[in-house]
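This report refers to the structure that appears directly beneath it.
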Amino acid sequence: MKRVLLLFMVGFLQMQAQQTAPGFFFVKTIGPLAFLKYGLGEDRLGGAKQGFLDSNILLKVVDSNGISYRVQLSRNHSAWIEKQYTVRIPGKQPAPYHLTGSMRLRGARPFDTLSISVDERLPYRTQQQINPSRIVLDIYGATSNTNWITQLQTAKEVKNVYYEQVEDDLLRVYIDLKHAQHWGHTVYYDSLGRLQVLIKQQPPVLDIKKLRIAIDAGHGGDNLGASGLRSKALEKDYTLKIAKQVQARLKKAGVYQLFMTRSTDTTLEMPQRIQLLKYYQPDILVSIHLNSAGSDAVRGTSTYYRYIGFRPLSVAILKQMETLGLKEYGNVGNFNFSLNGPTAYPNCLVEVAFLSNAEDEKRILDPKFHAAVANKIYLGIRDWLAQLNK
Ligand SMILES: [Zn+2]
């Protein structure tokens, strides 16, 4: 009897606490570039990102720190989001649960589309896996009521779709791919509120001439980038010179679907670049920068990727770059560079060499070197395609 009374009192006090101070409120994401962060870490590239979120995603705010909110994604998972990417939804009441419905996979070149019914625009996260290649999609706050998954023959890239309820309110969807190479994916909610995963199909012919290639010259306009050790040469000028050489080399090789994020000395912010690329829908992106370090002894060439599925392109380009006699500075993964952030297409950042090193700088200033770098980038892309053709 005493125990029942105690439980009753505890329950009553909890109810009271909830009524007086809920301790949370709801927001939704706004804009095309909202993203979740793991924590409040900051360095020159910003905090480590979990991934981008579509707009109008429902998030439960449970804490605030400076420019960021902590959001509870599911019972056991939280993340941070900058307040600028959210707007408050007054009076929104929490739902006891959210259910997923049927899933449907279909294909229409150049994408396979997986459509998932969900009763709310819930937050999500994707991860690329390799060997075997697949996309893992986590839907936070979702409990399965998915009783069928239709998979149509028109799907060309996705081999299997299945799911696992890994936690009571965390649904994990596995999307097995036919090819070893990830060609990119995009997640969003359609106008009916269904979660859509667009999976890029591998092009039917792996020929560089058939690819849509985007080239990005780093910095520009007001954004000068690094400057030369002795020459005071500006990074923005030399990234453009090299990018133009890459464009010319690819044209000569018969690539006619080419896109330059900039071809003049103009200021272009990262969000603008990402939007331009989103609109162009390249098959691959190569971004060109020149490196700089605090110590003038540091030199060499390096390539960068963010997601493991996009690594092979950056390795192939690095191998070619090293044949220029540049020292290996490395192949760097999980790199938090804005243009390595999109998951929609394989992308690679090339830090050609160091402007802050005398030996590298001398080469950077030489127009013949720009043409040689362009040729190596072209050969790197070709090597990558050749590996995929094996
Ligand atoms: Zn740079």
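Simple scheme: letters A, B, ... for chains in structure tokens order, numbers from 1 for residues in each chain, numbers from 1 for ligands in the order shown.
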| task | Enumerate residues in contact with ligand 1: an atom-to-atom distance of at most 7 Å, counting only C-alpha atoms and all ligand atoms. Format the result as an MDAnalysis selection string. | result | chainID A and resid 218:219 225:226 235 289:291
| task | Name the residues in contact with stretch 165-178 of chain A at a cut-off of 10 Å, using only C-alpha atoms, excluding same-chain residues fewer than 5 positions from it; report them as a PyMOL selection string. | result | chain A and resi 73-77+97-100+114+116+124-130+132-144+156-160+197+199+201-202
| Per-residue DSSP, stretch 42-283 of chain A, filtered to strand (DSSP E or B), as a VMD selection string | chain A and resid 49 to 53 58 to 65 68 to 74 77 to 82 86 to 88 98 to 108 111 to 118 124 to 129 134 to 140 142 to 144 149 to 151 158 to 167 170 to 177 185 to 189 195 to 200 212 to 217 220 223 227 234 257 to 260
| message | If we count only C-alpha atoms and set the cut-off at 10 Å, which residues sit around stretch 65-72 of chain A, ignoring sequence neighbours fewer than 3 positions away in its own chain? Please answer as a ChimeraX atom specification. | response | /A:24-27,36-40,58-62,75-86,123,140-141
| field | Near-A:His185 list (6 Å; only C-alpha atoms; drop same-chain fewer than 6 positions) as a list in words | value |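 So the residues in contact are Leu198, Ile199, Lys200, Thr343 and Ala344 of chain A.
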Output N, CA and C atoms for every residue in that selection, as an mmCIF file, in the first residue's frame.
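Result file follows (again11.cif):
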```cif
data_model
loop_
_atom_site.group_PDB
_atom_site.id
_atom_site.type_symbol
_atom_site.label_atom_id
_atom_site.label_comp_id
_atom_site.auth_asym_id
_atom_site.auth_seq_id
_atom_site.Cartn_x
_atom_site.Cartn_y
_atom_site.Cartn_z
ATOM 1 N N LEU A 198 17.233 10.275 -53.120
ATOM 2 C CA LEU A 198 17.634 10.168 -54.525
ATOM 3 C C LEU A 198 19.011 9.541 -54.542
ATOM 4 N N ILE A 199 19.122 8.437 -55.263
ATOM 5 C CA ILE A 199 20.412 7.759 -55.340
ATOM 6 C C ILE A 199 20.897 7.852 -56.779
ATOM 7 N N LYS A 200 22.037 8.484 -56.961
ATOM 8 C CA LYS A 200 22.559 8.661 -58.326
ATOM 9 C C LYS A 200 23.013 7.319 -58.874
ATOM 10 N N THR A 343 26.622 15.581 -50.469
ATOM 11 C CA THR A 343 26.675 14.133 -50.682
ATOM 12 C C THR A 343 26.209 13.780 -52.093
ATOM 13 N N ALA A 344 25.797 14.786 -52.870
ATOM 14 C CA ALA A 344 25.104 14.531 -54.140
ATOM 15 C C ALA A 344 26.009 14.047 -55.278
#
```
| field | Option closest in space to A:Ser287, from A:Pro203, A:Gly333, A:Pro312, A:Pro346 [counting only C-alpha atoms] | value | A:Pro346
| task | Enumerate as a ChimeraX atom specification all residues of stretch 157-332 of chain A assigned to helix (DSSP H, G or I) by DSSP on the backbone, naming them with the chain letters and numbers the document uses. | result | /A:208-210,235-252,270-280,308-322
| query | What does the distance between atom CA of A:Ala48 and atom CA of A:Ala34 come to in Å, to one decimal place? | reply |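 Computing it gives 13.6 Å between the two atoms.
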Restrict the calculation to only C-alpha atoms, then for each residue of stretch 19-89 of chain A with any atom at most 12 Å from an atom of stretch 305-310 of chain A give the closest atom pair and their distance in Å to one decimal, rows by chain and rising residue number, as a tab-separated table.
```
residue	atom	partner	partner_atom	distance
A:Ala48	CA	A:Arg306	CA	10.9
A:Lys49	CA	A:Arg306	CA	10.4
A:Gln50	CA	A:Tyr307	CA	11.2
A:Gly51	CA	A:Tyr307	CA	10.7
```
| Out of A:Arg44, A:Arg88, A:Lys244, A:Lys252, which residue has the shortest atom-to-atom distance to A:Asn56 when counting only C-alpha atoms? | A:Arg88
| field | d(atom CA of A:Lys368, atom CA of A:Arg311) in Å | value |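 So the answer is 28.4 Å.
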| Which residue, A:Gln245, A:Thr264, A:Asn347, A:Asn340, has the smallest gap to A:Pro282 when you use only C-alpha atoms? |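 Of the candidates, the smallest distance to A:Pro282 is held by A:Asn347.
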| query | For A:Thr266, which residue among A:Lys376, A:Lys278, A:Lys92, A:Lys236 is the nearest when counting only C-alpha atoms? | reply |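 Between A:Lys376, A:Lys278, A:Lys92, A:Lys236, the residue approaching A:Thr266 most closely is A:Lys236.
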| field | Best match for closeness to A:Ala371 among A:Ala248, A:Val332, A:Ile274, A:Leu339, counting only C-alpha atoms | value |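 Looking only at the distances to A:Ala371, the closest residue turns out to be A:Ala248.
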